[in-house]
Amino acid sequence: MNLKKIQTKTGYISMTVFAIFIGVYPIVFANIPIGNTLLASKPPDLIANKLYLFTFYTHIFLGGLALLTGFSQFYKKLRRKRLGLHKILGKIYVISVLLSGTAGLVIAFFATGGIITALGFGGLAILWLYTTANAYLSIKQGKIEAHQRWMIRSYALCFAAVSLRIYLPLFLGVFRMDFIPAYQIIAWLCWMPNILVAEFLIVRRLKPAS
Ligand code: HEM
């Protein structure tokens, strides 16, 4: 096995493990009191607002579903052997992103950490919706290469949920930062490098294997 193959395999395994762990993480919210979650940092009148809570839970559970349905779509063998399954999972992914991304955009206005965090998450939500819509529209027009490129971008942004949960303990535990400044930085850092990784993967895919 050459180096590129080893890197690709390691990448696929890491993507799968992280997607499953973080994808099921929102279930935690169904099993622990609100006071022990991020919602505890919110003003009481906000968490008493049923519409906000509905939007918040729509975001986290469908975000989890997007992570769980997205990773297997990149497995070439699965696409070749089970095209029907690929299409079904793809539709579930697109609908999940549409709802979770729109809900994410709404709850971004109330994000802990104020305007810096709100703009970070808001920008992520808009790009997530934009890249996913492009992925959907391109496959509807039969443009397979463009569809694959947009899906790589969309899922790299979806992985912001994973990056955030890696950076947060790092910033709080290792760098010993206070929660608010750490959260403000991470609201941007959780997705900006992901875009570069996506572009790198797209360019790498286009090169013939050596
Ligand atoms: C990629 C686009 C995403 C955007 C724009 C986004 C945005 C947000 C925002 C604004 C919040 C609230 C932060 C606050 O109030 O301080 C949040 C929280 C949360 N999001 Fe997302 N999110 C995204 C993806 C995901 C995905 C894919 C998941 C799946 C696991 C997810 C799961 C959560 C969870 C569990 C929380 C609650 C906070 C926590 O306990 O960590 N998000 N998200």
# chains A, B, ... in the order shown; residues from 1 in each chain; ligands from 1

call {"tool": "residues_near_ligand", "arguments": {"ligand": "ligand 1", "cutoff": "6 Å", "atoms": "only C-alpha atoms and all ligand atoms", "output": "VMD selection string"}}
result
chain A and resid 22 to 23 26 37 to 38 60 63 to 64 67 101 104 to 105 107 to 108 110 to 112 121 to 122 124 to 125 128 157 to 158 160 to 161

call {"tool": "select_by_dssp", "arguments": {"residues": "range 23-173 of chain A", "states": "alpha helix (DSSP H)", "output": "PyMOL selection string"}}
result
chain A and resi 23-24+27-31+44-47+50-70+76-81+83-108+115-140+144-158+160-169

call {"tool": "closest_atom_pairs", "arguments": {"of": "range 59-172 of chain A", "to": "range 181-197 of chain A", "cutoff": "9 Å", "atoms": "only C-alpha atoms", "output": "CSV"}}
result
residue,atom,partner,partner_atom,distance
A:Thr112,CA,A:Tyr183,CA,7.9
A:Gly113,CA,A:Gln184,CA,6.0
A:Gly114,CA,A:Gln184,CA,8.2
A:Ile115,CA,A:Gln184,CA,8.8
A:Ile116,CA,A:Gln184,CA,5.9
A:Thr117,CA,A:Gln184,CA,4.8
A:Ala118,CA,A:Ala187,CA,7.9
A:Leu119,CA,A:Ala187,CA,8.2
A:Gly120,CA,A:Trp188,CA,4.8
A:Phe121,CA,A:Ala187,CA,5.7
A:Gly123,CA,A:Trp188,CA,8.6
A:Leu124,CA,A:Trp191,CA,6.8
A:Arg153,CA,A:Ile195,CA,6.6
A:Ala156,CA,A:Asn194,CA,5.5
A:Leu157,CA,A:Trp191,CA,5.8
A:Cys158,CA,A:Trp191,CA,8.4
A:Phe159,CA,A:Asn194,CA,7.6
A:Ala160,CA,A:Cys190,CA,4.8
A:Ala161,CA,A:Cys190,CA,7.3
A:Val162,CA,A:Cys190,CA,8.0
A:Ser163,CA,A:Cys190,CA,5.1
A:Leu164,CA,A:Cys190,CA,5.0
A:Arg165,CA,A:Cys190,CA,8.6
A:Ile166,CA,A:Cys190,CA,9.0
A:Tyr167,CA,A:Ile186,CA,6.9
A:Leu168,CA,A:Ile186,CA,7.2
A:Phe171,CA,A:Ala182,CA,6.2
A:Leu172,CA,A:Ala182,CA,7.2

call {"tool": "write_last_selection", "arguments": {"atoms": "N, CA and C atoms", "output": "PDB file, in the first residue's frame"}}
result
ATOM      1  N   THR A 112     -24.005  32.218  22.842  1.00  0.00           N
ATOM      2  CA  THR A 112     -23.219  32.674  23.981  1.00  0.00           C
ATOM      3  C   THR A 112     -21.954  33.342  23.435  1.00  0.00           C
ATOM      4  N   GLY A 113     -21.612  34.528  23.968  1.00  0.00           N
ATOM      5  CA  GLY A 113     -20.396  35.207  23.488  1.00  0.00           C
ATOM      6  C   GLY A 113     -20.680  36.393  22.585  1.00  0.00           C
ATOM      7  N   GLY A 114     -21.981  36.643  22.300  1.00  0.00           N
ATOM      8  CA  GLY A 114     -22.361  37.863  21.581  1.00  0.00           C
ATOM      9  C   GLY A 114     -22.080  37.860  20.091  1.00  0.00           C
ATOM     10  N   ILE A 115     -21.853  39.073  19.570  1.00  0.00           N
ATOM     11  CA  ILE A 115     -21.800  39.289  18.120  1.00  0.00           C
ATOM     12  C   ILE A 115     -20.686  38.494  17.419  1.00  0.00           C
ATOM     13  N   ILE A 116     -19.523  38.340  18.085  1.00  0.00           N
ATOM     14  CA  ILE A 116     -18.399  37.624  17.433  1.00  0.00           C
ATOM     15  C   ILE A 116     -18.788  36.158  17.192  1.00  0.00           C
ATOM     16  N   THR A 117     -19.367  35.550  18.236  1.00  0.00           N
ATOM     17  CA  THR A 117     -19.796  34.145  18.105  1.00  0.00           C
ATOM     18  C   THR A 117     -20.954  34.049  17.103  1.00  0.00           C
ATOM     19  N   ALA A 118     -21.886  35.005  17.198  1.00  0.00           N
ATOM     20  CA  ALA A 118     -23.062  34.982  16.322  1.00  0.00           C
ATOM     21  C   ALA A 118     -22.641  35.049  14.850  1.00  0.00           C
ATOM     22  N   LEU A 119     -21.674  35.941  14.555  1.00  0.00           N
ATOM     23  CA  LEU A 119     -21.235  36.060  13.158  1.00  0.00           C
ATOM     24  C   LEU A 119     -20.484  34.804  12.702  1.00  0.00           C
ATOM     25  N   GLY A 120     -19.703  34.233  13.600  1.00  0.00           N
ATOM     26  CA  GLY A 120     -18.959  33.002  13.267  1.00  0.00           C
ATOM     27  C   GLY A 120     -19.912  31.880  12.898  1.00  0.00           C
ATOM     28  N   PHE A 121     -20.884  31.590  13.795  1.00  0.00           N
ATOM     29  CA  PHE A 121     -21.834  30.504  13.538  1.00  0.00           C
ATOM     30  C   PHE A 121     -22.780  30.863  12.379  1.00  0.00           C
ATOM     31  N   GLY A 123     -22.129  32.759   9.759  1.00  0.00           N
ATOM     32  CA  GLY A 123     -21.391  32.579   8.496  1.00  0.00           C
ATOM     33  C   GLY A 123     -21.306  31.104   8.124  1.00  0.00           C
ATOM     34  N   LEU A 124     -21.048  30.279   9.156  1.00  0.00           N
ATOM     35  CA  LEU A 124     -20.972  28.828   8.928  1.00  0.00           C
ATOM     36  C   LEU A 124     -22.318  28.296   8.407  1.00  0.00           C
ATOM     37  N   ARG A 153     -17.230  19.981   0.194  1.00  0.00           N
ATOM     38  CA  ARG A 153     -17.279  21.277   0.915  1.00  0.00           C
ATOM     39  C   ARG A 153     -18.367  21.249   2.000  1.00  0.00           C
ATOM     40  N   ALA A 156     -17.369  18.998   4.890  1.00  0.00           N
ATOM     41  CA  ALA A 156     -16.251  19.592   5.645  1.00  0.00           C
ATOM     42  C   ALA A 156     -16.807  20.648   6.608  1.00  0.00           C
ATOM     43  N   LEU A 157     -17.845  21.371   6.154  1.00  0.00           N
ATOM     44  CA  LEU A 157     -18.469  22.368   7.029  1.00  0.00           C
ATOM     45  C   LEU A 157     -19.291  21.685   8.122  1.00  0.00           C
ATOM     46  N   CYS A 158     -19.953  20.595   7.765  1.00  0.00           N
ATOM     47  CA  CYS A 158     -20.704  19.804   8.753  1.00  0.00           C
ATOM     48  C   CYS A 158     -19.755  19.357   9.877  1.00  0.00           C
ATOM     49  N   PHE A 159     -18.516  19.086   9.502  1.00  0.00           N
ATOM     50  CA  PHE A 159     -17.503  18.625  10.456  1.00  0.00           C
ATOM     51  C   PHE A 159     -17.072  19.726  11.426  1.00  0.00           C
ATOM     52  N   ALA A 160     -17.599  20.948  11.244  1.00  0.00           N
ATOM     53  CA  ALA A 160     -17.344  22.012  12.224  1.00  0.00           C
ATOM     54  C   ALA A 160     -17.818  21.547  13.606  1.00  0.00           C
ATOM     55  N   ALA A 161     -18.897  20.726  13.604  1.00  0.00           N
ATOM     56  CA  ALA A 161     -19.421  20.209  14.871  1.00  0.00           C
ATOM     57  C   ALA A 161     -18.381  19.335  15.566  1.00  0.00           C
ATOM     58  N   VAL A 162     -17.582  18.621  14.764  1.00  0.00           N
ATOM     59  CA  VAL A 162     -16.526  17.769  15.318  1.00  0.00           C
ATOM     60  C   VAL A 162     -15.357  18.649  15.781  1.00  0.00           C
ATOM     61  N   SER A 163     -14.906  19.559  14.887  1.00  0.00           N
ATOM     62  CA  SER A 163     -13.752  20.415  15.224  1.00  0.00           C
ATOM     63  C   SER A 163     -14.021  21.173  16.523  1.00  0.00           C
ATOM     64  N   LEU A 164     -15.245  21.726  16.629  1.00  0.00           N
ATOM     65  CA  LEU A 164     -15.598  22.506  17.819  1.00  0.00           C
ATOM     66  C   LEU A 164     -15.396  21.696  19.100  1.00  0.00           C
ATOM     67  N   ARG A 165     -15.799  20.432  19.025  1.00  0.00           N
ATOM     68  CA  ARG A 165     -15.713  19.602  20.234  1.00  0.00           C
ATOM     69  C   ARG A 165     -14.315  19.049  20.477  1.00  0.00           C
ATOM     70  N   ILE A 166     -13.411  19.260  19.516  1.00  0.00           N
ATOM     71  CA  ILE A 166     -12.001  18.925  19.753  1.00  0.00           C
ATOM     72  C   ILE A 166     -11.308  20.175  20.324  1.00  0.00           C
ATOM     73  N   TYR A 167     -11.609  21.357  19.716  1.00  0.00           N
ATOM     74  CA  TYR A 167     -10.941  22.592  20.143  1.00  0.00           C
ATOM     75  C   TYR A 167     -11.348  23.023  21.554  1.00  0.00           C
ATOM     76  N   LEU A 168     -12.636  22.849  21.865  1.00  0.00           N
ATOM     77  CA  LEU A 168     -13.134  23.394  23.132  1.00  0.00           C
ATOM     78  C   LEU A 168     -12.370  22.840  24.351  1.00  0.00           C
ATOM     79  N   PHE A 171      -8.771  24.313  24.266  1.00  0.00           N
ATOM     80  CA  PHE A 171      -8.640  25.726  24.668  1.00  0.00           C
ATOM     81  C   PHE A 171      -8.892  25.897  26.169  1.00  0.00           C
ATOM     82  N   LEU A 172      -9.886  25.154  26.688  1.00  0.00           N
ATOM     83  CA  LEU A 172     -10.233  25.320  28.102  1.00  0.00           C
ATOM     84  C   LEU A 172      -9.255  24.567  29.009  1.00  0.00           C
TER      85      LEU A 172
END

call {"tool": "atom_distance", "arguments": {"atom1": "CA of Ile13 in chain A", "atom2": "CA of Leu170 in chain A"}}
result
22.2 Å

call {"tool": "closest_residue", "arguments": {"among": "A:Thr16, A:Asn36, A:Ser100, A:Ser41", "to": "Gln73 in chain A", "atoms": "only C-alpha atoms"}}
result
A:Thr16

call {"tool": "closest_residue", "arguments": {"among": "A:Phe74, A:Ile34, A:Thr55, A:Gly84", "to": "Gly11 in chain A", "atoms": "only C-alpha atoms"}}
result
A:Phe74

call {"tool": "atom_distance", "arguments": {"atom1": "CA of Gly142 in chain A", "atom2": "CA of Tyr75 in chain A"}}
result
19.6 Å

call {"tool": "atom_distance", "arguments": {"atom1": "CA of Gln141 in chain A", "atom2": "CA of Thr8 in chain A"}}
result
29.0 Å

call {"tool": "closest_residue", "arguments": {"among": "A:Val94, A:Ile180, A:Val106, A:Ala146", "to": "Ala133 in chain A", "atoms": "only C-alpha atoms"}}
result
A:Val94

call {"tool": "residues_around", "arguments": {"residues": "range 52-54 of chain A", "least_positions_apart": "4", "cutoff": "10 Å", "atoms": "only C-alpha atoms", "output": "list of chain:residue names"}}
result
A:Leu39, A:Leu46, A:Ile47, A:Ala48, A:Thr58, A:His59, A:Ala103, A:Val106, A:Ile107, A:Phe110

call {"tool": "closest_residue", "arguments": {"among": "A:Phe109, A:Phe200, A:Tyr25, A:Phe18", "to": "Arg149 in chain A", "atoms": "only C-alpha atoms"}}
result
A:Phe200

call {"tool": "residues_around", "arguments": {"residues": "Met151 in chain A", "least_positions_apart": "2", "cutoff": "8 Å", "atoms": "only C-alpha atoms", "output": "list in words"}}
result
Thr131, Thr132, Ala135, His147, Gln148, Arg149, Arg153, Ser154 and Tyr155 of chain A

call {"tool": "closest_residue", "arguments": {"among": "A:Leu127, A:Leu98, A:Val17, A:Leu83", "to": "Phe71 in chain A", "atoms": "only C-alpha atoms"}}
result
A:Val17
